[in-house]
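Notes follow the structure.
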Amino acid sequence: MLHTPVETREPARRRLPISRQEGALLGITALWGSTFLIVHLAMQHSGPWFFVGLRFAVAGLVGIVVFHRALRGMRWRDVGAGAAIGVSIALGYGLQTMGLQTISSSTSAFITALYVPLVPLLQWLVFRRAPRALTLVGVALAFVGLLLLAGPDALTIGLGWGEIATLISTLPIAAEILLIGFFAKSVDAGRVTVVQLLVAGAAGFIAMPFAGEAAPSFSWAWLLPGIGLGVASCVIQLTMNWAQRSVSPTRATIIYAGEPVWAGLIGRIAGDRLPPIAIAGACLIVAGVIVSELRPGRRRAADPAPAAPSSSGADPQPDLG
């Protein structure tokens, strides 16, 4: 009789659809999705580069508090790696934020998701690692989805500036992931996290005069979102580092593919109304992201046992936030 409760509880644990780590990733993915609408609204009161500077400067200061002990052993390699990643973050999120001035949060989120199938293509060009067949299928699906999401004018190269800026932003976002993977085994994650966030913040402020952007007049409408997103960036970063120790890269990426879905849902609640053809395109982009990460031959072996952390585990959604 004493063993009965244990025997009835154990099968129940095995039947849980997701682990605690996967649940955490689902939570931060939903949080990611909400950031697009927040940034879109903040752009009514602030310029994009100032807001990026504020957002990541706050994230960097929070990072100093979290990783202050690790900072004592800072090396030049940590600084160099963090600086390179930080510049990529600033370019990626600066262009994405510029796009959010003229396009909806839902559209921005789905276009940004194209960075996932773009990563293996850049690996092919930079590291000569040929992509798998499913990756090419995923890229094709995502490209068709982009055309449908942009609307009929896309077929005549009628993409607006907001869509073009967001599309370009996927290049530095993908580069960020490659840089993280390149430096992952030779640097301290905590030190690099702080450096990259501070560099991204500084780069945002430095870009302002070159973009002809002046500092906005004071408004709680940009200050509170900037501080909130800065804190959220560190929360997301830490959660990913913890969860991806036991969640396989493939499974984690499939979870991350829900980011634009969450953004679309939140955007719809806020009033975004995508036409049916755009919704079909959004679905194709998500399908392309998932297909590009599928590894049918390894799935059964990877699911039962924890997989090694992803090479981009420190930051696979170049937001750091």
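Lettering and numbering for the structure tokens are positional, with chains as A, B, ... in the shown order, residues counted from 1 in each chain, and ligands counted from 1 in the shown order.
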_Show me, as JSON, numbers by chain, the residues that have an atom within 10 Å of A:Leu265 when counting only C-alpha atoms, minus same-chain residues fewer than 5 positions from it._
{"A": [30, 33, 34, 106, 260, 270, 271, 272]}
_Can you tell me which residues surround A:Phe51 at a distance of at most 10 Å, considering only C-alpha atoms, apart from same-chain residues fewer than 4 positions away, and format the answer as a PyMOL selection string?_
chain A and resi 39+42-43+45-47+55-57+93-94+97+201+204-205+215-216+222-223+225-227
_As an exercise, work out the distance from atom CA of A:Ala175 to atom CA of A:Ile85 in Å and give it to one decimal place._
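Atom CA of A:Ala175 sits 8.2 Å away from atom CA of A:Ile85.
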*Run DSSP on the backbone of this structure and report the residues of stretch 17-205 of chain A it assigns to helix (DSSP H, G or I), as number ranges by chain.*
A: 20-42, 48-66, 70-73, 76-99, 105-112, 115-127, 133-150, 152-156, 161-183, 189-205
*Counting only C-alpha atoms, figure out which residue out of A:Phe36, A:Trp220, A:Phe183, A:Phe110 gets nearest to A:Leu146.*
A:Phe110
*Would you list the contacts of A:Gly258 as a PyMOL selection string, taking every protein, DNA or RNA residue within 8 Å and counting only C-alpha atoms, but skipping same-chain residues closer than 3 positions in sequence?*
chain A and resi 29-30+254-255+261-262+286
*asked:* Need the shell around A:Thr239: protein/DNA/RNA residues with any atom at most 9 Å away, counting only C-alpha atoms. Skip same-chain ones fewer than 4 positions apart. Format as a list in words?
replied: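 Returned residues: Gln21, Ala24, Leu25, Ile28, Cys234, Val235, Ala243 and Gln244 of chain A.
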Using N, CA, C and O atoms, can you export the residues from the last selection as a PDB file, in the first residue's frame?
```pdb
ATOM      1  N   GLN A  21      11.395  23.080 -18.336  1.00  0.00           N
ATOM      2  CA  GLN A  21      12.230  23.935 -19.174  1.00  0.00           C
ATOM      3  C   GLN A  21      11.501  24.354 -20.456  1.00  0.00           C
ATOM      4  O   GLN A  21      11.587  25.515 -20.882  1.00  0.00           O
ATOM      5  N   ALA A  24       9.093  27.008 -19.694  1.00  0.00           N
ATOM      6  CA  ALA A  24       9.751  28.307 -19.547  1.00  0.00           C
ATOM      7  C   ALA A  24      10.031  28.930 -20.908  1.00  0.00           C
ATOM      8  O   ALA A  24       9.847  30.141 -21.105  1.00  0.00           O
ATOM      9  N   LEU A  25      10.457  28.097 -21.871  1.00  0.00           N
ATOM     10  CA  LEU A  25      10.710  28.612 -23.213  1.00  0.00           C
ATOM     11  C   LEU A  25       9.424  29.098 -23.866  1.00  0.00           C
ATOM     12  O   LEU A  25       9.421  30.103 -24.589  1.00  0.00           O
ATOM     13  N   ILE A  28       8.766  32.625 -22.393  1.00  0.00           N
ATOM     14  CA  ILE A  28       9.551  33.749 -22.919  1.00  0.00           C
ATOM     15  C   ILE A  28       9.249  33.973 -24.401  1.00  0.00           C
ATOM     16  O   ILE A  28       9.392  35.098 -24.894  1.00  0.00           O
ATOM     17  N   CYS A 234      17.043  40.719 -20.343  1.00  0.00           N
ATOM     18  CA  CYS A 234      17.890  39.923 -19.451  1.00  0.00           C
ATOM     19  C   CYS A 234      17.154  38.683 -18.956  1.00  0.00           C
ATOM     20  O   CYS A 234      17.748  37.610 -18.834  1.00  0.00           O
ATOM     21  N   VAL A 235      15.865  38.817 -18.667  1.00  0.00           N
ATOM     22  CA  VAL A 235      15.084  37.661 -18.225  1.00  0.00           C
ATOM     23  C   VAL A 235      15.059  36.588 -19.310  1.00  0.00           C
ATOM     24  O   VAL A 235      15.261  35.400 -19.053  1.00  0.00           O
ATOM     25  N   ALA A 243      17.316  26.904 -19.788  1.00  0.00           N
ATOM     26  CA  ALA A 243      16.442  25.889 -20.366  1.00  0.00           C
ATOM     27  C   ALA A 243      17.135  25.064 -21.441  1.00  0.00           C
ATOM     28  O   ALA A 243      16.919  23.851 -21.546  1.00  0.00           O
ATOM     29  N   GLN A 244      18.002  25.684 -22.241  1.00  0.00           N
ATOM     30  CA  GLN A 244      18.608  24.959 -23.350  1.00  0.00           C
ATOM     31  C   GLN A 244      19.731  24.023 -22.931  1.00  0.00           C
ATOM     32  O   GLN A 244      20.343  23.363 -23.769  1.00  0.00           O
TER      33      GLN A 244
END
```
*Counting only C-alpha atoms, which of A:Leu54, A:Val192, A:Ile168, A:Gly23 gets nearest to A:Leu224?*
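With only C-alpha atoms as the atom set, the closest residue is A:Leu54.
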*Using only C-alpha atoms, which residue out of A:Gly60, A:Gly190, A:Pro275, A:Gly80 lies closest to A:Ala202?*
A:Gly60
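Within 7 Å of stretch 61-63 of chain A, once only C-alpha atoms are used and residues closer than 3 positions along the same chain are dropped, the contacting residues are Ala57, Val58, Val66, Phe67, Val194, Val231 and Cys234 of chain A.
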For the residues in that selection, give me all heavy atoms as a compact mmCIF listing (two decimals), in the first residue's frame.
```txt
# COMPACT_ATOMS: atom_id res chain seq x y z
N ALA A 57 20.89 49.51 -23.23
CA ALA A 57 21.66 50.09 -22.12
C ALA A 57 21.08 49.63 -20.79
O ALA A 57 21.82 49.25 -19.86
CB ALA A 57 21.67 51.61 -22.22
N VAL A 58 19.76 49.66 -20.68
CA VAL A 58 19.10 49.16 -19.46
C VAL A 58 19.38 47.68 -19.27
O VAL A 58 19.71 47.22 -18.17
CB VAL A 58 17.57 49.41 -19.54
CG1 VAL A 58 16.86 48.70 -18.38
CG2 VAL A 58 17.27 50.90 -19.50
N VAL A 66 23.50 41.18 -12.45
CA VAL A 66 23.36 39.72 -12.43
C VAL A 66 24.72 39.03 -12.50
O VAL A 66 24.97 38.05 -11.79
CB VAL A 66 22.47 39.25 -13.60
CG1 VAL A 66 22.42 37.73 -13.67
CG2 VAL A 66 21.06 39.81 -13.44
N PHE A 67 25.62 39.54 -13.36
CA PHE A 67 26.89 38.85 -13.61
C PHE A 67 28.09 39.58 -13.01
O PHE A 67 29.21 39.41 -13.49
CB PHE A 67 27.11 38.71 -15.13
CG PHE A 67 26.08 37.87 -15.82
CD1 PHE A 67 25.17 38.46 -16.70
CD2 PHE A 67 26.00 36.50 -15.62
CE1 PHE A 67 24.21 37.69 -17.36
CE2 PHE A 67 25.06 35.73 -16.27
CZ PHE A 67 24.15 36.32 -17.14
N VAL A 194 27.04 40.74 -20.86
CA VAL A 194 27.07 42.13 -20.41
C VAL A 194 27.68 43.04 -21.48
O VAL A 194 27.14 44.10 -21.80
CB VAL A 194 27.86 42.25 -19.10
CG1 VAL A 194 28.06 43.72 -18.72
CG2 VAL A 194 27.14 41.52 -17.98
N VAL A 231 14.74 45.11 -19.07
CA VAL A 231 14.68 44.06 -18.05
C VAL A 231 14.25 42.74 -18.68
O VAL A 231 14.81 41.67 -18.37
CB VAL A 231 13.70 44.47 -16.92
CG1 VAL A 231 13.53 43.33 -15.93
CG2 VAL A 231 14.20 45.73 -16.21
N CYS A 234 17.04 40.72 -20.34
CA CYS A 234 17.89 39.92 -19.45
C CYS A 234 17.15 38.68 -18.96
O CYS A 234 17.75 37.61 -18.83
CB CYS A 234 18.36 40.78 -18.27
SG CYS A 234 19.98 41.52 -18.54
```
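The coordinates place atom CA of A:Pro48 at 26.7 Å from atom CA of A:Arg191.
With distances taken over only C-alpha atoms, A:Gly281 is the one residue among A:Gly86, A:Gly281, A:Gly181, A:Gly99 lying closest to A:Ala140.
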Report as a tab-separated table the residues of stretch 89-139 of chain A within 7 Å of stretch 287-294 of chain A, each with its shortest atom pair and distance in Å (one decimal), using only C-alpha atoms, ordered by chain and increasing residue number.
```
residue	atom	partner	partner_atom	distance
A:Val116	CA	A:Val289	CA	6.0
A:Pro117	CA	A:Ser292	CA	5.8
A:Leu134	CA	A:Ser292	CA	5.4
A:Thr135	CA	A:Ser292	CA	3.9
A:Val137	CA	A:Ser292	CA	6.9
A:Gly138	CA	A:Gly288	CA	3.8
A:Val139	CA	A:Gly288	CA	6.0
```
